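Novice: Provided herewith is a single structure, encoded as structure tokens, for subsequent inquiry.
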Amino acid sequence: MRFVLRLLAFVVVILAAFWFTARNAGELVNVVLPFLRIRASLPLVVFACILGGMGLSGLLAWRAERRTRRLADRAASARLAHEAPAPMEFATAAEPLTAEPPAPPEPPERSEPSPLL
């Protein structure tokens with residue numbers, strides 16, 4: 001039932017837009033911008049304004065989401081940086097502690113220069 005009501009509302013809006021377009025198709029309006037004057041059909045101007053508003057609101061929503069994600073990432077990294085370190089595990093009698101330092105890394109192998117160079 002809810003789907004039928006939404007579909008009916010959508011059809012009414014489409015018919016209203018078609019009626020507005022058919023009724024005002026002959027109306028020409030002047031759009032005066034700071035350095036430009038446009039003479040266009042009224043339905044075209046209304047449609048362009050609706051598309052422009054949708055695009056602007058989409059752009060602003062995208063920008064706000066990026067800002068929110070950036071702040072959330074900063075908060076998460078700050079929270080990780082200030083967390084207490086994990087407690088140290090104690091060695092049991094079965095696992096004796098070894099005091100050997102780790103082996104130093106081996107130097108990289110030297111290769112001969114390429115004969116093509």
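Following the order of the structure tokens, chains are lettered A, B, ..., residues in each are numbered from 1, and ligands are numbered from 1.
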Per DSSP on the backbone, what are the alpha helix (DSSP H) residues of chain A, as a ChimeraX atom specification?
Specialist: /A:2-23,42-81
Novice: Give me every strand (DSSP E or B) residue in chain A, going by DSSP on the backbone, as JSON, numbers by chain.
Specialist: {"A": [28, 29, 30, 31, 32, 33, 36, 37, 38, 39, 40, 41]}
Novice: Skipping near chain neighbours, those fewer than 3 positions away, what residues fall within 12 Å of Phe20 (chain A) using only C-alpha atoms, listed as JSON, numbers by chain?
Specialist: {"A": [13, 14, 15, 16, 17, 23, 24, 25, 26, 27, 41, 42, 43, 44, 46, 47]}
Novice: Of the candidates A:Phe18, A:Val45, A:Gly53, A:Ala75, which shows the shortest atom-to-atom distance to Asn30 (chain A), using only C-alpha atoms?
Specialist: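 Among A:Phe18, A:Val45, A:Gly53, A:Ala75, it is A:Val45 that comes nearest to Asn30 (chain A).
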Novice: Using only C-alpha atoms, can you tell me which of A:Met1, A:Ala61, A:Val31, A:Leu7 comes closest to Ala48 (chain A)?
Specialist: A:Val31
